[in-house]
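So this block is query.pdb, PDB, C-alpha atoms and all ligand atoms:
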```pdb
ATOM      1  CA  MET K 233     -49.561   9.341   5.299  1.00  0.00           C
ATOM      2  CA  PHE K 234     -50.871  10.641   8.620  1.00  0.00           C
ATOM      3  CA  GLU K 235     -52.228   8.519  11.449  1.00  0.00           C
ATOM      4  CA  LEU K 236     -54.355   9.760  14.330  1.00  0.00           C
ATOM      5  CA  LYS K 237     -55.020   7.782  17.477  1.00  0.00           C
ATOM      6  CA  VAL K 238     -57.777   8.184  20.049  1.00  0.00           C
ATOM      7  CA  VAL K 239     -57.889   6.177  23.265  1.00  0.00           C
ATOM      8  CA  THR K 240     -61.012   5.487  25.256  1.00  0.00           C
ATOM      9  CA  HIS K 241     -62.367   2.957  27.759  1.00  0.00           C
ATOM     10  CA  PHE K 242     -65.436   0.966  28.592  1.00  0.00           C
ATOM     11  CA  ALA K 243     -66.296  -1.514  31.304  1.00  0.00           C
ATOM     12  CA  ALA K 244     -68.370  -4.619  30.647  1.00  0.00           C
ATOM     13  CA  ALA K 245     -68.839  -8.278  31.434  1.00  0.00           C
ATOM     14  CA  HIS K 246     -68.496 -11.233  29.119  1.00  0.00           C
ATOM     15  CA  GLN K 247     -68.299 -14.990  29.074  1.00  0.00           C
ATOM     16  CA  LEU K 248     -66.222 -16.918  26.542  1.00  0.00           C
ATOM     17  CA  LYS K 249     -66.760 -20.575  25.882  1.00  0.00           C
ATOM     18  CA  MET K 250     -64.118 -23.048  24.761  1.00  0.00           C
ATOM     19  CA  VAL K 251     -61.180 -20.893  25.889  1.00  0.00           C
ATOM     20  CA  ALA K 252     -59.111 -21.151  29.037  1.00  0.00           C
ATOM     21  CA  GLU K 253     -61.172 -22.458  31.887  1.00  0.00           C
ATOM     22  CA  LYS K 254     -61.238 -19.203  33.824  1.00  0.00           C
ATOM     23  CA  CYS K 255     -62.616 -17.302  30.810  1.00  0.00           C
ATOM     24  CA  GLU K 256     -65.675 -19.533  30.825  1.00  0.00           C
ATOM     25  CA  ASN K 257     -66.805 -17.966  34.058  1.00  0.00           C
ATOM     26  CA  LEU K 258     -68.706 -14.696  33.848  1.00  0.00           C
ATOM     27  CA  HIS K 259     -66.205 -11.906  34.437  1.00  0.00           C
ATOM     28  CA  GLY K 260     -65.522  -8.298  33.503  1.00  0.00           C
ATOM     29  CA  HIS K 261     -62.822  -6.104  32.072  1.00  0.00           C
ATOM     30  CA  ASN K 262     -62.062  -2.430  31.863  1.00  0.00           C
ATOM     31  CA  TRP K 263     -61.245  -2.435  28.182  1.00  0.00           C
ATOM     32  CA  LYS K 264     -58.972   0.222  26.755  1.00  0.00           C
ATOM     33  CA  ILE K 265     -59.837   0.879  23.125  1.00  0.00           C
ATOM     34  CA  GLU K 266     -57.373   2.519  20.779  1.00  0.00           C
ATOM     35  CA  VAL K 267     -58.621   3.570  17.369  1.00  0.00           C
ATOM     36  CA  CYS K 268     -56.267   4.665  14.598  1.00  0.00           C
ATOM     37  CA  LEU K 269     -57.281   6.535  11.460  1.00  0.00           C
ATOM     38  CA  ILE K 270     -55.122   7.153   8.435  1.00  0.00           C
ATOM     39  CA  GLY K 271     -55.282   9.483   5.480  1.00  0.00           C
ATOM     40  CA  GLU K 272     -52.987  11.308   3.137  1.00  0.00           C
ATOM     41  CA  LYS K 273     -54.587  14.720   2.715  1.00  0.00           C
ATOM     42  CA  LEU K 274     -54.839  17.426   5.342  1.00  0.00           C
ATOM     43  CA  ASP K 275     -57.583  20.026   5.063  1.00  0.00           C
ATOM     44  CA  SER K 276     -56.981  23.777   4.915  1.00  0.00           C
ATOM     45  CA  ALA K 277     -56.735  23.872   8.727  1.00  0.00           C
ATOM     46  CA  GLY K 278     -53.854  21.415   8.548  1.00  0.00           C
ATOM     47  CA  ILE K 279     -55.717  18.479  10.077  1.00  0.00           C
ATOM     48  CA  LEU K 280     -56.762  15.069   8.808  1.00  0.00           C
ATOM     49  CA  ILE K 281     -60.011  15.006  10.768  1.00  0.00           C
ATOM     50  CA  ASP K 282     -61.066  16.812  13.936  1.00  0.00           C
ATOM     51  CA  PHE K 283     -60.183  14.808  17.052  1.00  0.00           C
ATOM     52  CA  GLY K 284     -63.509  15.955  18.521  1.00  0.00           C
ATOM     53  CA  GLU K 285     -65.384  14.273  15.681  1.00  0.00           C
ATOM     54  CA  ILE K 286     -63.506  10.994  16.183  1.00  0.00           C
ATOM     55  CA  LYS K 287     -64.169  11.135  19.939  1.00  0.00           C
ATOM     56  CA  GLN K 288     -67.889  11.707  19.363  1.00  0.00           C
ATOM     57  CA  HIS K 289     -68.167   8.699  17.068  1.00  0.00           C
ATOM     58  CA  VAL K 290     -66.158   6.508  19.428  1.00  0.00           C
ATOM     59  CA  ALA K 291     -68.187   7.656  22.449  1.00  0.00           C
ATOM     60  CA  ARG K 292     -71.402   6.655  20.652  1.00  0.00           C
ATOM     61  CA  ILE K 293     -69.983   3.179  20.008  1.00  0.00           C
ATOM     62  CA  MET K 294     -68.690   2.839  23.595  1.00  0.00           C
ATOM     63  CA  LYS K 295     -72.126   3.739  24.934  1.00  0.00           C
ATOM     64  CA  ARG K 296     -73.489   0.612  23.253  1.00  0.00           C
ATOM     65  CA  LEU K 297     -70.967  -1.568  25.115  1.00  0.00           C
ATOM     66  CA  ASP K 298     -70.360   0.167  28.442  1.00  0.00           C
ATOM     67  CA  HIS K 299     -71.735  -1.498  31.572  1.00  0.00           C
ATOM     68  CA  ARG K 300     -73.362  -4.299  29.597  1.00  0.00           C
ATOM     69  CA  PHE K 301     -73.247  -8.056  29.597  1.00  0.00           C
ATOM     70  CA  LEU K 302     -71.766  -8.318  26.123  1.00  0.00           C
ATOM     71  CA  ASN K 303     -73.069 -11.812  25.382  1.00  0.00           C
ATOM     72  CA  GLU K 304     -76.603 -10.362  25.483  1.00  0.00           C
ATOM     73  CA  THR K 305     -75.754  -7.109  23.692  1.00  0.00           C
ATOM     74  CA  PRO K 306     -75.822  -6.558  19.896  1.00  0.00           C
ATOM     75  CA  PRO K 307     -73.936  -7.574  17.836  1.00  0.00           C
ATOM     76  CA  PHE K 308     -72.837 -10.365  20.188  1.00  0.00           C
ATOM     77  CA  ASN K 309     -76.332 -11.535  21.139  1.00  0.00           C
ATOM     78  CA  ASP K 310     -76.421 -13.651  17.970  1.00  0.00           C
ATOM     79  CA  GLY K 311     -73.815 -15.999  19.395  1.00  0.00           C
ATOM     80  CA  THR K 312     -70.758 -14.115  18.127  1.00  0.00           C
ATOM     81  CA  PRO K 313     -68.232 -14.506  20.956  1.00  0.00           C
ATOM     82  CA  PRO K 314     -67.572 -11.119  22.625  1.00  0.00           C
ATOM     83  CA  SER K 315     -63.819 -11.641  22.568  1.00  0.00           C
ATOM     84  CA  SER K 316     -61.408  -8.722  22.459  1.00  0.00           C
ATOM     85  CA  GLU K 317     -60.742  -9.661  18.827  1.00  0.00           C
ATOM     86  CA  ASN K 318     -64.418  -9.390  17.895  1.00  0.00           C
ATOM     87  CA  ILE K 319     -64.857  -6.222  19.974  1.00  0.00           C
ATOM     88  CA  ALA K 320     -61.979  -4.603  18.067  1.00  0.00           C
ATOM     89  CA  GLN K 321     -63.554  -5.616  14.749  1.00  0.00           C
ATOM     90  CA  PHE K 322     -66.974  -4.318  15.805  1.00  0.00           C
ATOM     91  CA  VAL K 323     -65.556  -0.937  16.834  1.00  0.00           C
ATOM     92  CA  ALA K 324     -63.558  -0.668  13.589  1.00  0.00           C
ATOM     93  CA  THR K 325     -66.585  -1.473  11.427  1.00  0.00           C
ATOM     94  CA  GLU K 326     -68.918   0.901  13.273  1.00  0.00           C
ATOM     95  CA  LEU K 327     -66.365   3.716  13.275  1.00  0.00           C
ATOM     96  CA  GLN K 328     -65.655   3.359   9.558  1.00  0.00           C
ATOM     97  CA  ALA K 329     -69.389   3.495   8.837  1.00  0.00           C
ATOM     98  CA  ALA K 330     -69.752   6.642  10.952  1.00  0.00           C
ATOM     99  CA  LEU K 331     -66.933   8.526   9.232  1.00  0.00           C
ATOM    100  CA  ARG K 332     -68.156  10.872   6.554  1.00  0.00           C
ATOM    101  CA  LYS K 333     -64.761  11.578   5.004  1.00  0.00           C
ATOM    102  CA  PRO K 334     -64.015   8.881   2.406  1.00  0.00           C
ATOM    103  CA  ALA K 335     -60.314   9.795   2.405  1.00  0.00           C
ATOM    104  CA  VAL K 336     -60.030   8.885   6.099  1.00  0.00           C
ATOM    105  CA  LYS K 337     -59.884   5.178   6.907  1.00  0.00           C
ATOM    106  CA  VAL K 338     -59.787   3.179  10.107  1.00  0.00           C
ATOM    107  CA  SER K 339     -56.327   1.588  10.018  1.00  0.00           C
ATOM    108  CA  ARG K 340     -56.511  -0.441  13.222  1.00  0.00           C
ATOM    109  CA  VAL K 341     -58.456  -0.845  16.441  1.00  0.00           C
ATOM    110  CA  SER K 342     -56.882  -2.375  19.528  1.00  0.00           C
ATOM    111  CA  ALA K 343     -58.858  -3.703  22.469  1.00  0.00           C
ATOM    112  CA  TRP K 344     -56.785  -4.009  25.631  1.00  0.00           C
ATOM    113  CA  GLU K 345     -58.514  -6.316  28.088  1.00  0.00           C
ATOM    114  CA  SER K 346     -55.712  -5.890  30.634  1.00  0.00           C
ATOM    115  CA  ASP K 347     -52.495  -3.902  30.911  1.00  0.00           C
ATOM    116  CA  ASN K 348     -50.566  -6.599  29.075  1.00  0.00           C
ATOM    117  CA  ALA K 349     -53.046  -8.278  26.726  1.00  0.00           C
ATOM    118  CA  CYS K 350     -54.460  -6.686  23.608  1.00  0.00           C
ATOM    119  CA  ALA K 351     -56.169  -7.784  20.394  1.00  0.00           C
ATOM    120  CA  THR K 352     -55.904  -5.659  17.271  1.00  0.00           C
ATOM    121  CA  TYR K 353     -58.153  -5.696  14.220  1.00  0.00           C
ATOM    122  CA  ILE K 354     -56.699  -4.354  10.990  1.00  0.00           C
ATOM    123  CA  PRO K 355     -59.336  -3.793   8.272  1.00  0.00           C
ATOM    124  CA  ALA K 356     -58.362  -5.275   4.916  1.00  0.00           C
TER     125      ALA K 356
HETATM  126 ZN    ZN I 401     -62.393 -11.858  29.515  1.00  0.00          ZN
END
```

This structure in structure tokens:
Amino acid sequence: MFELKVVTHFAAAHQLKMVAEKCENLHGHNWKIEVCLIGEKLDSAGILIDFGEIKQHVARIMKRLDHRFLNETPPFNDGTPPSSENIAQFVATELQAALRKPAVKVSRVSAWESDNACATYIPA
């Protein structure tokens, strides 16, 4: 099994209710997003999937989040809390849908909201 990882960033604001008191205030993070893809078969060039293709897909997803107030941005504008956990799940779901190689799967997405705090979503 091979695993590829791509790291990217976006900056945004959010507001979480019912968590620690300071999270209830509007605030921002510079999120670091790590996406991991797994697959067993390499193509004739010896790669699982082109890093450039992964980066393009991830950049398209980041564009939807970057410099936004996440609570008012789809898919979080329906009341889904824009927590790092839900951000990681959103990125994983969107990335999997964008991938055109069925043999390549999103294995995990981590959303770092600070240098020492990270939420990871692992698709079932
Ligand atoms: Zn926060």

Can you give me, as a list in words, the residues this file yields under the PyMOL selection byres (((not hetatm)) within 10 of (chain I and resi 401))?
-> Ala244, Ala245, His246, Gln247, Leu248, Val251, Ala252, Lys254, Cys255, Glu256, Asn257, Leu258, His259, Gly260, His261, Asn262, Trp263, Pro314, Ser315, Ser316, Glu345 and Ser346 of chain K

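What separates CA of Val239 in chain K from CA of Pro313 in chain K is a distance of 23.2 Å.
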
Nearest residue to Glu235 in chain K from the set K:Met250, K:Ala291, K:Leu274, K:Ala330 (distances using only C-alpha atoms) |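 Residue with the minimum atom-to-atom distance to Glu235 in chain K: K:Leu274.
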
Gap from CA of Arg332 in chain K to CA of Asp282 in chain K - Å, one decimal =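 Computed distance, CA of Arg332 in chain K to CA of Asp282 in chain K, equals 11.8 Å.
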
When you draw a straight line from CA of Thr305 in chain K to CA of Lys287 in chain K, how long is it in Å?
-> 21.9 Å

Determine the residue set returned by the PyMOL selection byres (((chain K and resi 324) around 9) and not hetatm) for the present structure, and present it as an MDAnalysis selection string.
-> chainID K and resid 267 319:323 325:329 338:341 353:355

Rank nothing, just name the residue among K:Arg296, K:Met233, K:Trp344, K:His241 nearest to Phe308 in chain K, using all atoms listed in the file.
->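 Ranking K:Arg296, K:Met233, K:Trp344, K:His241 by distance to Phe308 in chain K, first place goes to K:Arg296.
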
Determine the residue membership of the PyMOL selection byres (((chain K and resi 351) around 6) and not hetatm) for the file above and supply it as a ChimeraX atom specification.
-> /K:316-317,342-343,350,352

Between K:Glu272, K:Glu266, K:Asp298, K:Glu304, which one has atoms that come closest to Ile286 in chain K, using only C-alpha atoms?
->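 Result for the nearest residue to Ile286 in chain K: K:Glu266.
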
Rank K:Leu236, K:Leu331, K:Leu302, K:Ala349 by their smallest atom-to-atom distance to Leu269 in chain K, using all atoms listed in the file, and report the top residue only.
->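 Looking only at the distances to Leu269 in chain K, the closest residue turns out to be K:Leu236.
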